[in-house]
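K.L.:
Sharing a structure with you now.
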Amino acid sequence: MFSNEYLKQRMAKAEKLKENGINPYGHFAKRDTKISEFLQKSKDVENLENKRDETKKFTVAGRVKFLRLMGKAAFFKIEDESGILQVYMSKNDLGDEFNVLKKTLEVGDIVEVTGYPFVTKTGELSIHASSVRILTKAIHPLPEKFHGLQDVETKYRQRYLDMIMDINTKNRFKTRSVVVSSVREFFIKHGFLEVETPMLHTIVGGANARPFMTHHNALDIDMNLRIAPELFLKRLIVGGFEAVFELNRNFRNEGIDYTHNPEFTMIEFYWAYHTMEDLMNLTQKLFDFLFEKLNLPKQLEYGDMIIDFDKWKKITYKDALVAIGNVPEDILDDVEKMKKYLKDSGVEVEEHIDNRGKLWAELFDEFVEAKLINPTFITEFPIEISPLARRSDENPEFAERFELFIAGREIANGFNELNDPLDQYERFKAQLEAKAKGDEEVMDMDYDYIRALQYGMPPTAGEGIGIDRLVMLLTNAHSIKDVILFPTMKPKQDNKEDI
């Protein structure tokens with residue numbers, strides 16, 4: 001450990017600081033001004049005849065991102081969260097302090113600078129240092145600035161380094177924070193109550209997905225990390241709350257790709273005495289609210305696509321298969337014909353998938369989803385793939401459900417909630433039968449939820465929106481890893497020579 005030669009050289013410089021009575025890991029910083037504030041408060045210096053104002057005194061701090069030594073003077077740039085600033089220091093101003101800094105200061109160090117504003121001959125507003133103090137000595141060198149951090153995997157594994165080197169990364173996560181706070185603000189403004197429900201469940205429920213299993217030692221029971229908060233939130237509707245939401249994490253033991261991470265963020269909200277049509281209208285209002293908050297154009301660039309948020313569309317599941325996916329309509333009621341069509345198209349279908357609804361879903365995923373660029377609500381889902389949605393009174397084979405697709409990806413899922421306890425019981429039984437046939441992504445029987453429905457749940461509509469995918473869309477990010485600060489990754493054997 002600490003065998004890397006570069007690290008040894010930097011550690012020697014940290015020892016040099018100690019020899020000069022300077023703690024290279026001191027604590028008590030005296031910063032009184034952020035860099036953005038310095039630049040704002042010093043703008044008038046550009047109008048002065050001598051381009052400097054020695055009556056003003058500021059103390060700023062940040063990480064050294066560039067350093068140029070010139071004998072008895074030096075220019076370097078420091079960066080804090082708010083911006084970047086050029087610093088000028090000289091032996092005339094700093095005396096012996098300059099000699100120590102010349103031998104020990106390096107790119108990556110975190111420093112505190114006190115001085116006055118001035119404008120250089122090249123016209124750059126800078127700070128003329130009267131004091132420079134190393135607050136934290138960086139032992140590991142930063143990547144070379146010209147090339148930056150090139151390795152994508154390193155960007156995800158060492159997010160701190162990614163943030164140091166790429167301001168776009170920091171800005172993307174600042175946008176994510178604005179999105180999350182704005183979503184919360186929107187629902188509170190519309191009368192929804194924010195709640196928290198359990199992360200540890202004893203029953204797998206709320207969505208079709210494989211759970212992460214664990215064991216509670218004190219109770220000696222198996223538990224799972226929740227795959228969705230749905231059944232608990234609907235219990236609250238039974239209890240008398242009429243509009244609730246939860247913005248939090250879900251966990252699904254599934255594959256990892258550009259749009260899936262095992263740990264992800266969603267908002268789920270439930271609205272008594274409202275319908276899925278109300279939810280679709282509310283969702284459009286949410287997007288309008290976010291576009292205003294983020295100052296985004298309604299014609300949004302995403303990769304090589306232009307998504308028009310003035311052109312919302314609604315189409316049934318079946319019509320989408322035929323009109324958008326070009327699936328022959330005459331096979332949609334024949335299980336064997338659909339299996340053959342999928343097989344002939346090179347799509348492998350698992351043996352346990354043997355009903356119309358699940359085969360429709362296979363067809364939709366393969367032939368429709370990627371073509372849904374502008375915001376599109378898909379409605380009238382097959383009942384077989386909608387175990388918690390209300391059955392249509394007009395056509396009981398379909399659920400009163402929708403999903404929102406944008407840029408070829410699912411963004412939201414909502415429906416009129418099933419509040420018939422007998423129907424719900426039969427659907428849970430069907431889920432258990434599917435599990436017995438090998439389907440590992442179905443729900444367990446939740447007897448207490450059936451009991452809750454027996455007390456009566458008012459007509460309710462509910463929806464879930466994936467926050468990570470939403471942020472991807474709004475920041476033009478093409479991997480979910482780009483919008484999750486610390487995405488799930490397979491552990492890597494650390495090379496001790498690198499630390």
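Scheme for the structure tokens: letters A, B, ... for chains in order shown; per-chain residue numbers from 1; ligand numbers from 1 in order shown.
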At a cut-off of 9 Å, using only C-alpha atoms, what residues contact Lys314 in chain A? Leave out same-chain residues fewer than 2 positions from it and give the result as a PyMOL selection string.
P.N.:
chain A and resi 312+316+375-379
K.L.:
Please, could you write that set of residues out with N, CA and C atoms as a CSV table (one decimal), in the first residue's frame?
P.N.:
```
chain,number,residue,atom,x,y,z
A,312,TRP,N,-48.6,15.1,-27.7
A,312,TRP,CA,-48.9,14.0,-26.9
A,312,TRP,C,-49.9,13.1,-27.6
A,316,THR,N,-54.4,2.5,-28.1
A,316,THR,CA,-54.6,1.3,-27.4
A,316,THR,C,-53.4,0.3,-27.6
A,375,PRO,N,-44.2,11.8,-26.7
A,375,PRO,CA,-44.9,11.2,-25.5
A,375,PRO,C,-46.2,10.5,-26.0
A,376,THR,N,-46.3,9.2,-25.6
A,376,THR,CA,-47.4,8.4,-26.1
A,376,THR,C,-47.9,7.5,-24.9
A,377,PHE,N,-49.2,7.7,-24.6
A,377,PHE,CA,-49.9,6.9,-23.6
A,377,PHE,C,-50.4,5.6,-24.3
A,378,ILE,N,-50.0,4.4,-23.9
A,378,ILE,CA,-50.5,3.2,-24.4
A,378,ILE,C,-51.6,2.7,-23.4
A,379,THR,N,-52.8,2.4,-23.9
A,379,THR,CA,-53.9,2.1,-23.0
A,379,THR,C,-54.5,0.7,-23.3
```
K.L.:
Once you count only C-alpha atoms, what closest atom pair and distance in Å to one decimal does each residue of range 309-413 of chain A within 10 Å of range 446-463 of chain A have, with rows by chain and rising residue number, as a tab-separated table?
P.N.:
```
residue	atom	partner	partner_atom	distance
A:Ala389	CA	A:Ala461	CA	9.1
A:Arg390	CA	A:Ala461	CA	9.4
A:Glu400	CA	A:Ala461	CA	9.6
A:Arg401	CA	A:Ala461	CA	9.4
A:Phe402	CA	A:Glu463	CA	9.1
A:Glu403	CA	A:Glu463	CA	9.1
A:Ala412	CA	A:Glu463	CA	7.0
A:Asn413	CA	A:Glu463	CA	5.5
```
K.L.:
Could you pull out the strand (DSSP E or B) residues of range 315-497 of chain A from DSSP and send them as a PyMOL selection string?
P.N.:
chain A and resi 315-316+376-382+389+391+398-406+409-417+460-466
K.L.:
If we count only C-alpha atoms and set the cut-off at 7 Å, which residues sit around Ile203 in chain A, ignoring sequence neighbours fewer than 2 positions away in its own chain? Please answer as a list of chain:residue names.
P.N.:
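Within the cut-off, the hits are A:His201, A:Gly205, A:Asp444, A:Asp446.
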K.L.:
Could you please take those selected residues and save C-alpha atoms as an mmCIF file, in the first residue's frame?
P.N.:
```
data_model
loop_
_atom_site.group_PDB
_atom_site.id
_atom_site.type_symbol
_atom_site.label_atom_id
_atom_site.label_comp_id
_atom_site.auth_asym_id
_atom_site.auth_seq_id
_atom_site.Cartn_x
_atom_site.Cartn_y
_atom_site.Cartn_z
ATOM 1 C CA HIS A 201 -41.335 -6.612 3.148
ATOM 2 C CA GLY A 205 -45.849 -7.639 -3.995
ATOM 3 C CA ASP A 444 -47.168 -13.619 -3.566
ATOM 4 C CA ASP A 446 -51.087 -10.921 0.305
#
```
K.L.:
So which residues touch Leu142 in chain A within 9 Å, counting only C-alpha atoms, skipping near sequence neighbours fewer than 5 positions away, as a PyMOL selection string?
P.N.:
chain A and resi 65+107-108+148-149+161+164-165
K.L.:
May I have the residues within 6 Å of range 230-243 of chain A as a PDB file with N, CA and C atoms, in the first residue's frame, using only C-alpha atoms and disregarding those fewer than 3 positions away in the same chain?
P.N.:
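part.pdb, written as the output of this step:
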```
ATOM      1  N   PHE A 192     -51.354  16.451  -2.567  1.00  0.00           N
ATOM      2  CA  PHE A 192     -50.935  15.111  -2.184  1.00  0.00           C
ATOM      3  C   PHE A 192     -50.114  15.167  -0.896  1.00  0.00           C
ATOM      4  N   GLY A 206     -46.634  -5.772  -5.289  1.00  0.00           N
ATOM      5  CA  GLY A 206     -46.626  -4.411  -5.810  1.00  0.00           C
ATOM      6  C   GLY A 206     -46.191  -4.306  -7.251  1.00  0.00           C
ATOM      7  N   TYR A 270     -51.225   7.967  -5.456  1.00  0.00           N
ATOM      8  CA  TYR A 270     -52.564   7.387  -5.508  1.00  0.00           C
ATOM      9  C   TYR A 270     -53.578   8.462  -5.184  1.00  0.00           C
ATOM     10  N   TRP A 271     -54.671   8.467  -5.953  1.00  0.00           N
ATOM     11  CA  TRP A 271     -55.609   9.586  -5.949  1.00  0.00           C
ATOM     12  C   TRP A 271     -57.032   9.031  -5.900  1.00  0.00           C
ATOM     13  N   ALA A 272     -57.640   9.106  -4.735  1.00  0.00           N
ATOM     14  CA  ALA A 272     -59.010   8.601  -4.582  1.00  0.00           C
ATOM     15  C   ALA A 272     -60.000   9.485  -5.334  1.00  0.00           C
ATOM     16  N   MET A 457     -62.072   0.140  -0.443  1.00  0.00           N
ATOM     17  CA  MET A 457     -61.213   1.195  -0.959  1.00  0.00           C
ATOM     18  C   MET A 457     -62.010   1.996  -1.971  1.00  0.00           C
TER      19      MET A 457
END
```
K.L.:
Residues at most 12 Å from Lys311 in chain A, counting only C-alpha atoms, excluding those fewer than 2 positions away in the same chain, as a PDB file with N, CA and C atoms, in the first residue's frame?
P.N.:
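So selection.pdb came out as:
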```pdb
ATOM      1  N   GLN A 284     -49.164  15.190 -17.790  1.00  0.00           N
ATOM      2  CA  GLN A 284     -48.810  16.238 -18.744  1.00  0.00           C
ATOM      3  C   GLN A 284     -48.520  17.554 -18.032  1.00  0.00           C
ATOM      4  N   LYS A 298     -39.837  22.927 -25.479  1.00  0.00           N
ATOM      5  CA  LYS A 298     -40.800  21.839 -25.647  1.00  0.00           C
ATOM      6  C   LYS A 298     -40.372  20.868 -26.761  1.00  0.00           C
ATOM      7  N   GLN A 299     -39.514  21.329 -27.674  1.00  0.00           N
ATOM      8  CA  GLN A 299     -38.925  20.432 -28.661  1.00  0.00           C
ATOM      9  C   GLN A 299     -37.532  20.065 -28.119  1.00  0.00           C
ATOM     10  N   LEU A 300     -37.473  18.925 -27.462  1.00  0.00           N
ATOM     11  CA  LEU A 300     -36.292  18.561 -26.680  1.00  0.00           C
ATOM     12  C   LEU A 300     -35.387  17.620 -27.460  1.00  0.00           C
ATOM     13  N   ILE A 306     -35.532  14.403 -31.879  1.00  0.00           N
ATOM     14  CA  ILE A 306     -36.192  15.611 -31.390  1.00  0.00           C
ATOM     15  C   ILE A 306     -37.557  15.177 -30.877  1.00  0.00           C
ATOM     16  N   ILE A 307     -37.769  15.314 -29.571  1.00  0.00           N
ATOM     17  CA  ILE A 307     -39.027  14.904 -28.953  1.00  0.00           C
ATOM     18  C   ILE A 307     -39.914  16.125 -28.815  1.00  0.00           C
ATOM     19  N   ASP A 308     -41.104  16.060 -29.369  1.00  0.00           N
ATOM     20  CA  ASP A 308     -42.024  17.198 -29.361  1.00  0.00           C
ATOM     21  C   ASP A 308     -43.026  17.021 -28.221  1.00  0.00           C
ATOM     22  N   PHE A 309     -42.855  17.803 -27.167  1.00  0.00           N
ATOM     23  CA  PHE A 309     -43.738  17.713 -26.007  1.00  0.00           C
ATOM     24  C   PHE A 309     -45.012  18.542 -26.176  1.00  0.00           C
ATOM     25  N   LYS A 313     -49.777  11.787 -27.498  1.00  0.00           N
ATOM     26  CA  LYS A 313     -50.623  10.862 -28.240  1.00  0.00           C
ATOM     27  C   LYS A 313     -51.150   9.778 -27.311  1.00  0.00           C
ATOM     28  N   LYS A 314     -52.293   9.213 -27.651  1.00  0.00           N
ATOM     29  CA  LYS A 314     -52.877   8.111 -26.893  1.00  0.00           C
ATOM     30  C   LYS A 314     -53.349   7.051 -27.887  1.00  0.00           C
ATOM     31  N   LEU A 372     -41.732   4.530 -30.147  1.00  0.00           N
ATOM     32  CA  LEU A 372     -42.568   5.532 -29.477  1.00  0.00           C
ATOM     33  C   LEU A 372     -41.683   6.696 -29.032  1.00  0.00           C
ATOM     34  N   ILE A 373     -41.489   7.668 -29.905  1.00  0.00           N
ATOM     35  CA  ILE A 373     -40.555   8.775 -29.652  1.00  0.00           C
ATOM     36  C   ILE A 373     -41.249   9.934 -28.929  1.00  0.00           C
ATOM     37  N   ASN A 374     -42.273  10.518 -29.539  1.00  0.00           N
ATOM     38  CA  ASN A 374     -43.025  11.568 -28.855  1.00  0.00           C
ATOM     39  C   ASN A 374     -43.840  10.958 -27.717  1.00  0.00           C
ATOM     40  N   PRO A 375     -44.202  11.756 -26.709  1.00  0.00           N
ATOM     41  CA  PRO A 375     -44.940  11.212 -25.546  1.00  0.00           C
ATOM     42  C   PRO A 375     -46.197  10.467 -25.986  1.00  0.00           C
ATOM     43  N   THR A 376     -46.277   9.193 -25.613  1.00  0.00           N
ATOM     44  CA  THR A 376     -47.384   8.353 -26.057  1.00  0.00           C
ATOM     45  C   THR A 376     -47.929   7.543 -24.889  1.00  0.00           C
ATOM     46  N   PHE A 377     -49.213   7.692 -24.624  1.00  0.00           N
ATOM     47  CA  PHE A 377     -49.899   6.859 -23.627  1.00  0.00           C
ATOM     48  C   PHE A 377     -50.441   5.614 -24.323  1.00  0.00           C
ATOM     49  N   ILE A 406     -41.692   7.553 -23.870  1.00  0.00           N
ATOM     50  CA  ILE A 406     -41.028   8.699 -24.489  1.00  0.00           C
ATOM     51  C   ILE A 406     -39.630   8.249 -24.909  1.00  0.00           C
TER      52      ILE A 406
END
```
K.L.:
My list of candidates is A:Glu417, A:Glu410, A:Glu97, A:Glu350. Which is closest to Ile22 in chain A when distances are computed with only C-alpha atoms?
P.N.:
A:Glu97
K.L.:
For Val111 in chain A, which residue among A:Leu422, A:Ile84, A:Val471, A:Ile78 is the nearest when counting only C-alpha atoms?
P.N.:
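Ranking A:Leu422, A:Ile84, A:Val471, A:Ile78 by distance to Val111 in chain A, first place goes to A:Ile78.
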K.L.:
At a cut-off of 6 Å, using only C-alpha atoms, what residues contact Phe75 in chain A? Leave out same-chain residues fewer than 3 positions from it and give the result as a list of chain:residue names.
P.N.:
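Result of the neighbour search: A:Arg68, A:Val87, A:Tyr88.
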K.L.:
In Å to one decimal, how far is CA of Thr175 in chain A from CA of Asp468 in chain A?
P.N.:
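So the two atoms, CA of Asp468 in chain A and CA of Thr175 in chain A, lie 11.7 Å apart.
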K.L.:
DSSP on the backbone: what in range 404-443 of chain A comes out alpha helix (DSSP H), as a PyMOL selection string?
P.N.:
chain A and resi 421-436
